[in-house]
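Enquirer: Here it is: the structure, laid out below.
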Amino acid sequence: MRVLILGAAAGGGLPQWNCGCPNCVSARSGDIEPQSQSSVAVSADGESWVVLNASPDIRTQLLAAEPLYPGAIRGTPVSAVVLTNGDIDHIAGLLILREKTAFDVYATGEILGVLSENAVFGVLDPDHVVQKKMRIGKTFEPAEGLSITPYNVPGKVPLYQEKGDVDTALISENTIGLEVKANGKTMQYVPGCAMLTKTIKERFASSDQLLFDGTVWQNDEMKTTSTGIKTGRRMGHIPISGDDGSLAQLADVQGPAKTYIHINNTNPIWNPKSPERRALKDAGWSIAYDGMEIVL
Ligand code: MLT
Ligand code: MN
Ligand code: ZN
């Protein structure tokens, strides 16, 4: 299985258009590498590809990824796009993928509802782009030799659908993880996860590769960087650090290679010289970056 990291950052990217935090300043000056928004491509044979989440940066991401170049006058090696939630960083790229080339969009009923409620997605001509409903626990094959099983992870409704009291660790079709299998290898893709459960950890343990929610290092990171007031948990993201953070909770999950992905621009791990980056390295984790390729 080939796994291409198209975009390693969380919503907003690095730098984010309106952000002057130290990471964003360093990304503009070239001191650290800029990173685009959350998207991954996977393939069993290197010929037919499946894109996991379509970020608003998909146009430049496809330009940077040679295996995803069209092989004909019109066309694409991308046979399908699979969505893990309805966040802007995961669905806005669908609008860029208009132009009457065929591919399938797989999403849960809940997220297909978001697409159908918002008329702008009608730009994806149904004669070419077929929307297919995924069911939790039901395996499908979006490309030759590649199978995907969606499963529940605690999360919340997309930001633009929040009203009143928000359950930030809801088990629903709003946030899912994807188990991707090809050629006997298994990868877990979980860019958003509010809480880790025994069932989820068991699934991770029997895999070869884990791509996991690294949105924030610290729960109150937006506050301490003066970039906002929301905590990681309020955004439906478990922080990396702390006794109840993902690093500690996944320490005993020894099976897979572990990689953080969907990393917010405020997260200190973007800085290669940070003690936080070192701590992850020492714990055996890697950090995704745009253009990273993982071969399983
Ligand atoms: C998230 O992952 O929390 C979302 O991308 C936030 C957002 O939509 O701005
Ligand atoms: Mn996001
Ligand atoms: Zn920033």
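Within each chain, counting starts at residue 1; across the structure tokens, chains are named A, B, ... in the order shown, with ligands numbered 1 upward in that order.
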Out of segment 63-264 of chain A, which residues get alpha helix (DSSP H) from DSSP, as a ChimeraX atom specification?

Expert: /A:63-64,88-91,93-96,109-117,198-205,221-224,246-249

Enquirer: For the residues in the current selection, export N, CA and C atoms as a short mmCIF file (atom, residue, chain, number, x, y, z; two decimals), in the first residue's frame.

Expert:
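Saved the output as part_16.cif:
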```cif
data_model
loop_
_atom_site.label_atom_id
_atom_site.label_comp_id
_atom_site.auth_asym_id
_atom_site.auth_seq_id
_atom_site.Cartn_x
_atom_site.Cartn_y
_atom_site.Cartn_z
N LEU A 63 -1.23 19.02 -7.78
CA LEU A 63 -0.10 19.48 -8.61
C LEU A 63 1.22 18.96 -8.08
N ALA A 64 1.31 18.79 -6.77
CA ALA A 64 2.57 18.38 -6.14
C ALA A 64 2.74 16.86 -6.12
N ILE A 88 -14.95 21.88 6.93
CA ILE A 88 -14.55 22.61 5.72
C ILE A 88 -13.22 22.08 5.18
N ASP A 89 -12.28 21.78 6.08
CA ASP A 89 -10.97 21.30 5.61
C ASP A 89 -11.06 19.92 4.97
N HIS A 90 -12.21 19.27 5.07
CA HIS A 90 -12.34 17.93 4.49
C HIS A 90 -13.31 17.84 3.32
N ILE A 91 -14.14 18.85 3.15
CA ILE A 91 -15.12 18.76 2.04
C ILE A 91 -15.00 19.87 0.99
N GLY A 93 -12.69 20.88 -0.81
CA GLY A 93 -11.95 20.49 -2.01
C GLY A 93 -12.81 19.81 -3.06
N LEU A 94 -13.96 19.29 -2.65
CA LEU A 94 -14.86 18.67 -3.63
C LEU A 94 -15.25 19.68 -4.70
N LEU A 95 -15.37 20.95 -4.28
CA LEU A 95 -15.77 22.00 -5.24
C LEU A 95 -14.69 22.22 -6.30
N ILE A 96 -13.44 21.99 -5.90
CA ILE A 96 -12.32 22.15 -6.85
C ILE A 96 -12.32 20.99 -7.85
N GLY A 109 -24.34 8.74 5.71
CA GLY A 109 -25.62 9.39 5.39
C GLY A 109 -25.65 10.82 5.92
N GLU A 110 -25.11 11.01 7.12
CA GLU A 110 -25.09 12.33 7.75
C GLU A 110 -24.32 13.34 6.89
N ILE A 111 -23.16 12.94 6.42
CA ILE A 111 -22.32 13.86 5.65
C ILE A 111 -22.83 14.01 4.22
N LEU A 112 -23.42 12.95 3.66
CA LEU A 112 -24.07 13.10 2.34
C LEU A 112 -25.20 14.12 2.46
N GLY A 113 -25.86 14.15 3.64
CA GLY A 113 -26.91 15.13 3.89
C GLY A 113 -26.37 16.55 3.83
N VAL A 114 -25.18 16.76 4.39
CA VAL A 114 -24.54 18.09 4.33
C VAL A 114 -24.33 18.49 2.87
N LEU A 115 -23.87 17.54 2.06
CA LEU A 115 -23.61 17.85 0.64
C LEU A 115 -24.91 18.17 -0.10
N SER A 116 -25.97 17.42 0.23
CA SER A 116 -27.21 17.65 -0.52
C SER A 116 -27.95 18.90 -0.04
N GLU A 117 -27.75 19.27 1.25
CA GLU A 117 -28.40 20.48 1.77
C GLU A 117 -27.75 21.76 1.23
N LYS A 198 -11.31 1.62 24.45
CA LYS A 198 -10.62 0.33 24.39
C LYS A 198 -10.79 -0.29 22.99
N THR A 199 -11.99 -0.19 22.45
CA THR A 199 -12.27 -0.77 21.13
C THR A 199 -11.40 -0.11 20.06
N ILE A 200 -11.29 1.20 20.12
CA ILE A 200 -10.49 1.91 19.12
C ILE A 200 -9.02 1.51 19.26
N LYS A 201 -8.55 1.45 20.50
CA LYS A 201 -7.15 1.10 20.72
C LYS A 201 -6.84 -0.32 20.24
N GLU A 202 -7.79 -1.23 20.44
CA GLU A 202 -7.58 -2.61 19.97
C GLU A 202 -7.47 -2.65 18.45
N ARG A 203 -8.30 -1.84 17.80
CA ARG A 203 -8.24 -1.78 16.34
C ARG A 203 -6.87 -1.26 15.88
N PHE A 204 -6.41 -0.21 16.56
CA PHE A 204 -5.10 0.36 16.21
C PHE A 204 -3.99 -0.68 16.39
N ALA A 205 -4.09 -1.43 17.51
CA ALA A 205 -3.01 -2.34 17.89
C ALA A 205 -2.75 -3.41 16.83
N GLU A 221 -4.10 25.27 24.15
CA GLU A 221 -3.07 25.86 23.30
C GLU A 221 -3.50 27.15 22.56
N MET A 222 -4.77 27.20 22.15
CA MET A 222 -5.22 28.40 21.44
C MET A 222 -5.20 29.60 22.39
N LYS A 223 -5.55 29.31 23.65
CA LYS A 223 -5.54 30.37 24.65
C LYS A 223 -4.10 30.83 24.95
N THR A 224 -3.22 29.86 25.18
CA THR A 224 -1.85 30.23 25.56
C THR A 224 -1.09 30.89 24.40
N SER A 246 -3.31 11.87 23.97
CA SER A 246 -3.18 10.70 23.09
C SER A 246 -1.82 10.02 23.20
N LEU A 247 -0.78 10.81 23.47
CA LEU A 247 0.56 10.22 23.55
C LEU A 247 0.61 9.19 24.69
N ALA A 248 0.10 9.60 25.86
CA ALA A 248 0.07 8.69 27.01
C ALA A 248 -0.89 7.53 26.75
N GLN A 249 -2.05 7.83 26.23
CA GLN A 249 -3.06 6.78 26.07
C GLN A 249 -2.71 5.75 24.99
#
```

Enquirer: Once you count only C-alpha atoms and all ligand atoms, what closest atom pair and distance in Å to one decimal does each residue of chain A within 6 Å of ligand 2 have, with rows by chain and rising residue number, as a Markdown table?

Expert:
```
| residue | atom | partner | partner_atom_place_in_ligand_line | distance |
| --- | --- | --- | --- | --- |
| A:Ala10 | CA | ligand 2 | 1 (Mn) | 4.9 |
| A:Gly11 | CA | ligand 2 | 1 (Mn) | 4.5 |
| A:Asp87 | CA | ligand 2 | 1 (Mn) | 5.8 |
| A:Asp89 | CA | ligand 2 | 1 (Mn) | 5.4 |
```

Enquirer: Show me which residues line ligand 3, defined as having an atom within 7 Å of a ligand atom where only C-alpha atoms and all ligand atoms count, and present them as a PDB file with N, CA and C atoms, in the first residue's frame.

Expert:
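After the write, out36.pdb holds the following:
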```
ATOM      1  N   LEU A  14      -0.795  25.828   7.519  1.00  0.00           N
ATOM      2  CA  LEU A  14       0.364  26.490   8.133  1.00  0.00           C
ATOM      3  C   LEU A  14       1.161  27.181   7.031  1.00  0.00           C
ATOM      4  N   PRO A  15       1.232  28.513   6.945  1.00  0.00           N
ATOM      5  CA  PRO A  15       0.546  29.460   7.837  1.00  0.00           C
ATOM      6  C   PRO A  15      -0.941  29.580   7.507  1.00  0.00           C
ATOM      7  N   GLN A  16      -1.710  29.980   8.502  1.00  0.00           N
ATOM      8  CA  GLN A  16      -3.132  30.286   8.309  1.00  0.00           C
ATOM      9  C   GLN A  16      -3.220  31.753   7.890  1.00  0.00           C
ATOM     10  N   CYS A  19      -3.158  34.499  10.647  1.00  0.00           N
ATOM     11  CA  CYS A  19      -2.478  34.180  11.906  1.00  0.00           C
ATOM     12  C   CYS A  19      -1.032  34.671  11.939  1.00  0.00           C
ATOM     13  N   GLY A  20      -0.704  35.314  13.052  1.00  0.00           N
ATOM     14  CA  GLY A  20       0.651  35.807  13.251  1.00  0.00           C
ATOM     15  C   GLY A  20       1.340  35.107  14.404  1.00  0.00           C
ATOM     16  N   CYS A  21       0.915  33.878  14.713  1.00  0.00           N
ATOM     17  CA  CYS A  21       1.566  33.123  15.796  1.00  0.00           C
ATOM     18  C   CYS A  21       2.990  32.757  15.344  1.00  0.00           C
ATOM     19  N   PRO A  22       3.863  32.402  16.286  1.00  0.00           N
ATOM     20  CA  PRO A  22       5.268  32.122  15.921  1.00  0.00           C
ATOM     21  C   PRO A  22       5.411  31.081  14.808  1.00  0.00           C
ATOM     22  N   ASN A  23       4.627  30.018  14.838  1.00  0.00           N
ATOM     23  CA  ASN A  23       4.713  29.009  13.771  1.00  0.00           C
ATOM     24  C   ASN A  23       4.348  29.599  12.411  1.00  0.00           C
ATOM     25  N   CYS A  24       3.262  30.381  12.374  1.00  0.00           N
ATOM     26  CA  CYS A  24       2.812  30.929  11.088  1.00  0.00           C
ATOM     27  C   CYS A  24       3.828  31.937  10.558  1.00  0.00           C
ATOM     28  N   ASN A 265      -1.878  24.832  13.239  1.00  0.00           N
ATOM     29  CA  ASN A 265      -0.715  25.736  13.088  1.00  0.00           C
ATOM     30  C   ASN A 265      -0.145  26.217  14.423  1.00  0.00           C
ATOM     31  N   THR A 266      -0.934  26.148  15.486  1.00  0.00           N
ATOM     32  CA  THR A 266      -0.433  26.577  16.802  1.00  0.00           C
ATOM     33  C   THR A 266       0.413  25.510  17.491  1.00  0.00           C
TER      34      THR A 266
END
```

Enquirer: Using Å and a single decimal, report how far atom CA of Ala92 of chain A sits from atom CA of Pro56 of chain A.

Expert: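 Going from atom CA of Pro56 of chain A over to atom CA of Ala92 of chain A covers 5.0 Å.
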
Enquirer: Restricting the calculation to only C-alpha atoms, which member of A:Ala194, A:Val130, A:Ala8, A:Ile58 is positioned closest to Ser286 of chain A?

Expert: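 Counting only C-alpha atoms, the residue closest to Ser286 of chain A is A:Ala8.
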
Enquirer: So the first atom is atom CA of Gly86 of chain A and the second is atom CA of Trp270 of chain A; what is the distance between them in Å, to one decimal place?

Expert: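 Interatomic distance, atom CA of Gly86 of chain A to atom CA of Trp270 of chain A: 25.1 Å.
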
Enquirer: Of the residues A:Glu66, A:Glu173, A:Glu162, A:Glu99, which is the one nearest to ligand 1, using only C-alpha atoms and all ligand atoms?

Expert: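 Ranking A:Glu66, A:Glu173, A:Glu162, A:Glu99 by distance to ligand 1, first place goes to A:Glu162.
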
Enquirer: Please extract the residues of segment 148-281 of chain A with a backbone DSSP assignment of strand (DSSP E) and present them as a ChimeraX atom specification.

Expert: /A:148-152,176-182,185-190,209-213,257-261

Enquirer: Take the selection from the previous step and output its residues with N, CA and C atoms, as a short mmCIF file (atom, residue, chain, number, x, y, z; two decimals), in the first residue's frame.

Expert:
```
data_model
loop_
_atom_site.label_atom_id
_atom_site.label_comp_id
_atom_site.auth_asym_id
_atom_site.auth_seq_id
_atom_site.Cartn_x
_atom_site.Cartn_y
_atom_site.Cartn_z
N ILE A 148 -11.88 -0.45 2.39
CA ILE A 148 -12.01 0.54 3.47
C ILE A 148 -13.20 0.18 4.34
N THR A 149 -12.98 0.22 5.65
CA THR A 149 -14.07 0.02 6.60
C THR A 149 -14.19 1.25 7.49
N PRO A 150 -15.34 1.94 7.46
CA PRO A 150 -15.54 3.08 8.35
C PRO A 150 -15.96 2.62 9.75
N TYR A 151 -15.48 3.30 10.77
CA TYR A 151 -15.89 2.96 12.14
C TYR A 151 -16.08 4.23 12.97
N ASN A 152 -16.84 4.09 14.03
CA ASN A 152 -17.15 5.24 14.88
C ASN A 152 -15.95 5.69 15.69
N ILE A 176 -15.91 9.81 11.73
CA ILE A 176 -15.55 8.39 11.65
C ILE A 176 -14.04 8.24 11.44
N GLY A 177 -13.57 7.03 11.70
CA GLY A 177 -12.22 6.66 11.33
C GLY A 177 -12.31 5.71 10.15
N LEU A 178 -11.20 5.57 9.42
CA LEU A 178 -11.19 4.67 8.27
C LEU A 178 -10.09 3.62 8.43
N GLU A 179 -10.50 2.37 8.29
CA GLU A 179 -9.51 1.28 8.25
C GLU A 179 -9.28 0.94 6.79
N VAL A 180 -8.04 1.13 6.35
CA VAL A 180 -7.71 0.92 4.94
C VAL A 180 -6.83 -0.31 4.82
N LYS A 181 -7.23 -1.25 3.96
CA LYS A 181 -6.46 -2.49 3.78
C LYS A 181 -6.08 -2.70 2.33
N ALA A 182 -4.85 -3.10 2.11
CA ALA A 182 -4.40 -3.48 0.77
C ALA A 182 -3.19 -4.39 0.90
N LYS A 185 -1.82 -5.38 4.25
CA LYS A 185 -1.42 -4.35 5.23
C LYS A 185 -2.63 -3.52 5.64
N THR A 186 -2.56 -2.98 6.85
CA THR A 186 -3.69 -2.21 7.37
C THR A 186 -3.23 -0.85 7.89
N MET A 187 -3.94 0.18 7.47
CA MET A 187 -3.67 1.53 7.98
C MET A 187 -4.93 2.10 8.60
N GLN A 188 -4.77 2.82 9.68
CA GLN A 188 -5.89 3.53 10.30
C GLN A 188 -5.72 5.02 10.07
N TYR A 189 -6.79 5.66 9.59
CA TYR A 189 -6.76 7.09 9.33
C TYR A 189 -7.82 7.78 10.21
N VAL A 190 -7.34 8.53 11.19
CA VAL A 190 -8.24 9.16 12.17
C VAL A 190 -7.81 10.61 12.41
N GLN A 209 -0.03 0.70 10.37
CA GLN A 209 0.24 2.15 10.38
C GLN A 209 -0.97 2.88 10.96
N LEU A 210 -0.66 3.85 11.81
CA LEU A 210 -1.71 4.71 12.37
C LEU A 210 -1.43 6.16 11.99
N LEU A 211 -2.43 6.82 11.40
CA LEU A 211 -2.36 8.26 11.18
C LEU A 211 -3.40 8.87 12.12
N PHE A 212 -2.92 9.59 13.14
CA PHE A 212 -3.84 9.99 14.21
C PHE A 212 -3.85 11.50 14.46
N ASP A 213 -5.00 11.96 14.87
CA ASP A 213 -5.31 13.35 15.24
C ASP A 213 -4.23 13.99 16.13
N ALA A 257 3.24 1.53 13.23
CA ALA A 257 4.02 2.77 13.18
C ALA A 257 3.03 3.89 13.44
N LYS A 258 3.41 4.86 14.28
CA LYS A 258 2.46 5.89 14.72
C LYS A 258 2.87 7.27 14.20
N THR A 259 1.94 7.94 13.56
CA THR A 259 2.23 9.23 12.93
C THR A 259 1.11 10.22 13.25
N TYR A 260 1.48 11.37 13.76
CA TYR A 260 0.46 12.42 13.96
C TYR A 260 0.19 13.15 12.66
N ILE A 261 -1.08 13.49 12.47
CA ILE A 261 -1.54 14.18 11.26
C ILE A 261 -2.64 15.15 11.68
#
```
